[in-house]
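Q: Questions regarding the structure given below will be posed in turn.
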Amino acid sequence: MTNSWAAFTAAEPDLAKLVEERFGAYTHHVLATLRRDGSPRTTGLETRFLHGELWLGMMPGSLKALDLRRDPRFALQANPGDGTGMGGGDVRISGRAVEVHDPAEKARYGEEVEPPEPFHLFRAELTEVVRTCVEDDKYLVLQVWKPGEPLCLIKRT
């Protein structure tokens, strides 16, 4: 079973489109990693959806990159935007970050994104994608996807 962005998109194309739109609405998002002592660290991050993958690029030696090298688990929250409207809902992605060392793969990413050199590059292996929104001004709706499982829809009043 694969847990790439492409696998998620194939399994749940409508939700994947909504998630990409939410991340595309703003440049900076919030990445949560685990510090050496196990406590959470949150930092800003730009993300890219390219070639069927979710990519996390970082400056060399950044604490978030060092965190992910030590413990690859992460959570990524889409920028909620201005005010309290949360247009498109609240979107979160959890997974494991796999560092890319292959020069050709990094060059391919670099050609499209043009990040400052040098940089760390991680490919996301998804463990969960969650979208939360309000429906009809009375329901809190959660859409939860996990690899190999059907989409779970939860409505709360």
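Simple scheme: letters A, B, ... for chains in structure tokens order, numbers from 1 for residues in each chain, numbers from 1 for ligands in the order shown.
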Give me the residues within 10 Å of Glu128 of chain A as an MDAnalysis selection string, counting only C-alpha atoms and dropping any in the same chain fewer than 6 places off.

A: chainID A and resid 3 8 75 92:95 144:147

Q: Any idea what's packed within 12 Å of Asp37 of chain A, counting only C-alpha atoms, ignoring anything in its chain fewer than 2 positions away? Could you give it as a PyMOL selection string?

A: chain A and resi 33-35+39-41+67+70-71

Q: Could those residues be written to a file, using N, CA, C and O atoms, as a PDB file, in the first residue's frame?

A:
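In the end it all went to part.pdb:
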```
ATOM      1  N   THR A  33       6.630  19.547  14.257  1.00  0.00           N
ATOM      2  CA  THR A  33       7.595  18.456  14.336  1.00  0.00           C
ATOM      3  C   THR A  33       7.822  18.149  15.812  1.00  0.00           C
ATOM      4  O   THR A  33       7.255  18.802  16.680  1.00  0.00           O
ATOM      5  N   LEU A  34       8.661  17.166  16.071  1.00  0.00           N
ATOM      6  CA  LEU A  34       8.971  16.797  17.451  1.00  0.00           C
ATOM      7  C   LEU A  34      10.416  17.151  17.766  1.00  0.00           C
ATOM      8  O   LEU A  34      11.335  16.742  17.045  1.00  0.00           O
ATOM      9  N   ARG A  35      10.613  17.883  18.840  1.00  0.00           N
ATOM     10  CA  ARG A  35      11.958  18.232  19.303  1.00  0.00           C
ATOM     11  C   ARG A  35      12.640  16.992  19.871  1.00  0.00           C
ATOM     12  O   ARG A  35      11.995  15.968  20.097  1.00  0.00           O
ATOM     13  N   SER A  39       8.858  17.189  22.842  1.00  0.00           N
ATOM     14  CA  SER A  39       7.857  18.262  22.853  1.00  0.00           C
ATOM     15  C   SER A  39       7.641  18.777  21.426  1.00  0.00           C
ATOM     16  O   SER A  39       8.513  18.646  20.573  1.00  0.00           O
ATOM     17  N   PRO A  40       6.477  19.371  21.162  1.00  0.00           N
ATOM     18  CA  PRO A  40       6.192  19.842  19.810  1.00  0.00           C
ATOM     19  C   PRO A  40       6.912  21.142  19.467  1.00  0.00           C
ATOM     20  O   PRO A  40       7.186  21.961  20.341  1.00  0.00           O
ATOM     21  N   ARG A  41       7.223  21.270  18.186  1.00  0.00           N
ATOM     22  CA  ARG A  41       7.766  22.525  17.649  1.00  0.00           C
ATOM     23  C   ARG A  41       6.893  22.888  16.457  1.00  0.00           C
ATOM     24  O   ARG A  41       6.635  22.057  15.592  1.00  0.00           O
ATOM     25  N   ASP A  67      14.762  18.142  13.218  1.00  0.00           N
ATOM     26  CA  ASP A  67      13.708  17.375  13.896  1.00  0.00           C
ATOM     27  C   ASP A  67      13.253  16.206  13.028  1.00  0.00           C
ATOM     28  O   ASP A  67      13.130  15.073  13.502  1.00  0.00           O
ATOM     29  N   ARG A  70      15.580  13.307  12.752  1.00  0.00           N
ATOM     30  CA  ARG A  70      15.617  12.514  13.988  1.00  0.00           C
ATOM     31  C   ARG A  70      14.327  11.698  14.153  1.00  0.00           C
ATOM     32  O   ARG A  70      14.341  10.553  14.557  1.00  0.00           O
ATOM     33  N   ASP A  71      13.200  12.313  13.865  1.00  0.00           N
ATOM     34  CA  ASP A  71      11.889  11.672  13.999  1.00  0.00           C
ATOM     35  C   ASP A  71      11.028  12.204  12.854  1.00  0.00           C
ATOM     36  O   ASP A  71      10.658  13.381  12.864  1.00  0.00           O
TER      37      ASP A  71
END
```

Q: Using DSSP assignments from the backbone, pull out every residue in chain A that falls under helix (DSSP H, G or I) and give it to me as a PyMOL selection string.

A: chain A and resi 5-11+13-24+63-70+103-113

Q: For the selection you just gave me, I'd like the residues written to a file as a short mmCIF file (atom, residue, chain, number, x, y, z; two decimals), in the first residue's frame, keeping N, CA, C and O atoms.

A:
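This is the output file selection.cif:
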```cif
data_model
loop_
_atom_site.label_atom_id
_atom_site.label_comp_id
_atom_site.auth_asym_id
_atom_site.auth_seq_id
_atom_site.Cartn_x
_atom_site.Cartn_y
_atom_site.Cartn_z
N TRP A 5 0.98 11.36 -2.17
CA TRP A 5 -0.09 12.30 -2.51
C TRP A 5 -0.89 11.76 -3.69
O TRP A 5 -2.12 11.87 -3.72
N ALA A 6 -0.23 11.13 -4.66
CA ALA A 6 -0.92 10.58 -5.82
C ALA A 6 -1.90 9.48 -5.41
O ALA A 6 -3.01 9.40 -5.95
N ALA A 7 -1.52 8.65 -4.43
CA ALA A 7 -2.42 7.59 -3.96
C ALA A 7 -3.65 8.20 -3.30
O ALA A 7 -4.77 7.73 -3.50
N PHE A 8 -3.45 9.25 -2.50
CA PHE A 8 -4.57 9.94 -1.87
C PHE A 8 -5.47 10.55 -2.93
O PHE A 8 -6.70 10.42 -2.88
N THR A 9 -4.88 11.21 -3.92
CA THR A 9 -5.65 11.84 -4.99
C THR A 9 -6.47 10.81 -5.77
O THR A 9 -7.62 11.07 -6.12
N ALA A 10 -5.89 9.63 -6.02
CA ALA A 10 -6.61 8.57 -6.72
C ALA A 10 -7.77 8.05 -5.87
O ALA A 10 -8.85 7.77 -6.39
N ALA A 11 -7.55 7.94 -4.56
CA ALA A 11 -8.57 7.40 -3.66
C ALA A 11 -9.69 8.40 -3.40
O ALA A 11 -10.87 8.01 -3.33
N PRO A 13 -10.35 11.97 -4.97
CA PRO A 13 -10.02 13.13 -5.81
C PRO A 13 -10.71 14.43 -5.39
O PRO A 13 -10.09 15.49 -5.47
N ASP A 14 -11.96 14.37 -4.95
CA ASP A 14 -12.66 15.60 -4.57
C ASP A 14 -12.04 16.22 -3.31
O ASP A 14 -11.81 17.43 -3.26
N LEU A 15 -11.75 15.40 -2.32
CA LEU A 15 -11.12 15.91 -1.10
C LEU A 15 -9.72 16.41 -1.39
O LEU A 15 -9.31 17.46 -0.90
N ALA A 16 -8.97 15.67 -2.21
CA ALA A 16 -7.61 16.09 -2.57
C ALA A 16 -7.63 17.47 -3.22
O ALA A 16 -6.79 18.32 -2.93
N LYS A 17 -8.60 17.70 -4.10
CA LYS A 17 -8.71 19.00 -4.77
C LYS A 17 -8.98 20.10 -3.75
O LYS A 17 -8.35 21.17 -3.80
N LEU A 18 -9.88 19.86 -2.79
CA LEU A 18 -10.17 20.85 -1.75
C LEU A 18 -8.93 21.14 -0.90
O LEU A 18 -8.65 22.29 -0.56
N VAL A 19 -8.20 20.10 -0.57
CA VAL A 19 -7.00 20.27 0.26
C VAL A 19 -5.96 21.09 -0.50
O VAL A 19 -5.37 22.03 0.04
N GLU A 20 -5.72 20.76 -1.76
CA GLU A 20 -4.75 21.52 -2.55
C GLU A 20 -5.18 22.98 -2.70
O GLU A 20 -4.33 23.88 -2.65
N GLU A 21 -6.46 23.22 -2.87
CA GLU A 21 -6.95 24.60 -2.97
C GLU A 21 -6.71 25.37 -1.68
O GLU A 21 -6.32 26.54 -1.70
N ARG A 22 -6.94 24.73 -0.53
CA ARG A 22 -6.69 25.39 0.75
C ARG A 22 -5.22 25.72 0.91
O ARG A 22 -4.86 26.81 1.34
N PHE A 23 -4.34 24.79 0.57
CA PHE A 23 -2.91 25.07 0.67
C PHE A 23 -2.48 26.08 -0.38
O PHE A 23 -1.58 26.88 -0.14
N GLY A 24 -3.12 26.09 -1.53
CA GLY A 24 -2.78 27.02 -2.59
C GLY A 24 -3.23 28.45 -2.33
O GLY A 24 -2.74 29.39 -2.95
N LEU A 63 16.01 23.92 12.28
CA LEU A 63 15.60 23.04 13.36
C LEU A 63 14.52 22.06 12.93
O LEU A 63 14.52 20.90 13.34
N LYS A 64 13.59 22.51 12.08
CA LYS A 64 12.54 21.60 11.62
C LYS A 64 13.12 20.46 10.79
O LYS A 64 12.68 19.32 10.91
N ALA A 65 14.13 20.76 9.97
CA ALA A 65 14.77 19.70 9.19
C ALA A 65 15.50 18.73 10.11
O ALA A 65 15.43 17.51 9.92
N LEU A 66 16.20 19.25 11.10
CA LEU A 66 16.89 18.38 12.05
C LEU A 66 15.90 17.54 12.85
O LEU A 66 16.15 16.35 13.11
N ASP A 67 14.76 18.14 13.22
CA ASP A 67 13.71 17.37 13.90
C ASP A 67 13.25 16.21 13.03
O ASP A 67 13.13 15.07 13.50
N LEU A 68 12.98 16.47 11.75
CA LEU A 68 12.48 15.44 10.85
C LEU A 68 13.52 14.36 10.56
O LEU A 68 13.16 13.20 10.36
N ARG A 69 14.77 14.72 10.55
CA ARG A 69 15.82 13.71 10.39
C ARG A 69 15.84 12.76 11.58
O ARG A 69 16.09 11.57 11.45
N ARG A 70 15.58 13.31 12.75
CA ARG A 70 15.62 12.51 13.99
C ARG A 70 14.33 11.70 14.15
O ARG A 70 14.34 10.55 14.56
N PRO A 103 20.40 13.44 -6.08
CA PRO A 103 20.64 14.74 -6.73
C PRO A 103 19.70 15.02 -7.90
O PRO A 103 19.27 16.16 -8.09
N ALA A 104 19.37 14.01 -8.68
CA ALA A 104 18.49 14.22 -9.83
C ALA A 104 17.08 14.61 -9.37
O ALA A 104 16.45 15.50 -9.96
N GLU A 105 16.60 13.97 -8.32
CA GLU A 105 15.26 14.29 -7.82
C GLU A 105 15.23 15.69 -7.21
O GLU A 105 14.29 16.45 -7.44
N LYS A 106 16.29 16.05 -6.48
CA LYS A 106 16.36 17.41 -5.92
C LYS A 106 16.47 18.45 -7.03
O LYS A 106 15.87 19.51 -6.96
N ALA A 107 17.22 18.14 -8.08
CA ALA A 107 17.37 19.06 -9.21
C ALA A 107 16.03 19.27 -9.92
O ALA A 107 15.69 20.39 -10.29
N ARG A 108 15.29 18.19 -10.09
CA ARG A 108 13.97 18.28 -10.74
C ARG A 108 13.05 19.20 -9.93
O ARG A 108 12.36 20.05 -10.49
N TYR A 109 13.05 19.03 -8.61
CA TYR A 109 12.26 19.89 -7.73
C TYR A 109 12.77 21.33 -7.84
O TYR A 109 11.99 22.27 -7.99
N GLY A 110 14.08 21.51 -7.78
CA GLY A 110 14.69 22.83 -7.83
C GLY A 110 14.40 23.59 -9.10
O GLY A 110 14.25 24.82 -9.09
N GLU A 111 14.31 22.89 -10.22
CA GLU A 111 14.02 23.53 -11.50
C GLU A 111 12.63 24.16 -11.49
O GLU A 111 12.42 25.23 -12.07
N GLU A 112 11.69 23.53 -10.84
CA GLU A 112 10.32 24.04 -10.81
C GLU A 112 10.08 25.05 -9.70
O GLU A 112 9.33 26.00 -9.87
N VAL A 113 10.71 24.84 -8.54
CA VAL A 113 10.43 25.67 -7.38
C VAL A 113 11.45 26.80 -7.21
O VAL A 113 11.13 27.85 -6.68
#
```

Q: Determine, counting only C-alpha atoms, which protein, DNA and RNA residues have an atom within 7 Å of an atom of Val141 of chain A; residues of the same chain fewer than 2 positions away are not included. Present the result as a PyMOL selection string.

A: chain A and resi 132-135+139+143+154-156

Q: Which is closer to Gly89 of chain A than all the others in A:Thr157, A:Gln77, A:Glu12, A:Met59, using only C-alpha atoms?

A: A:Gln77
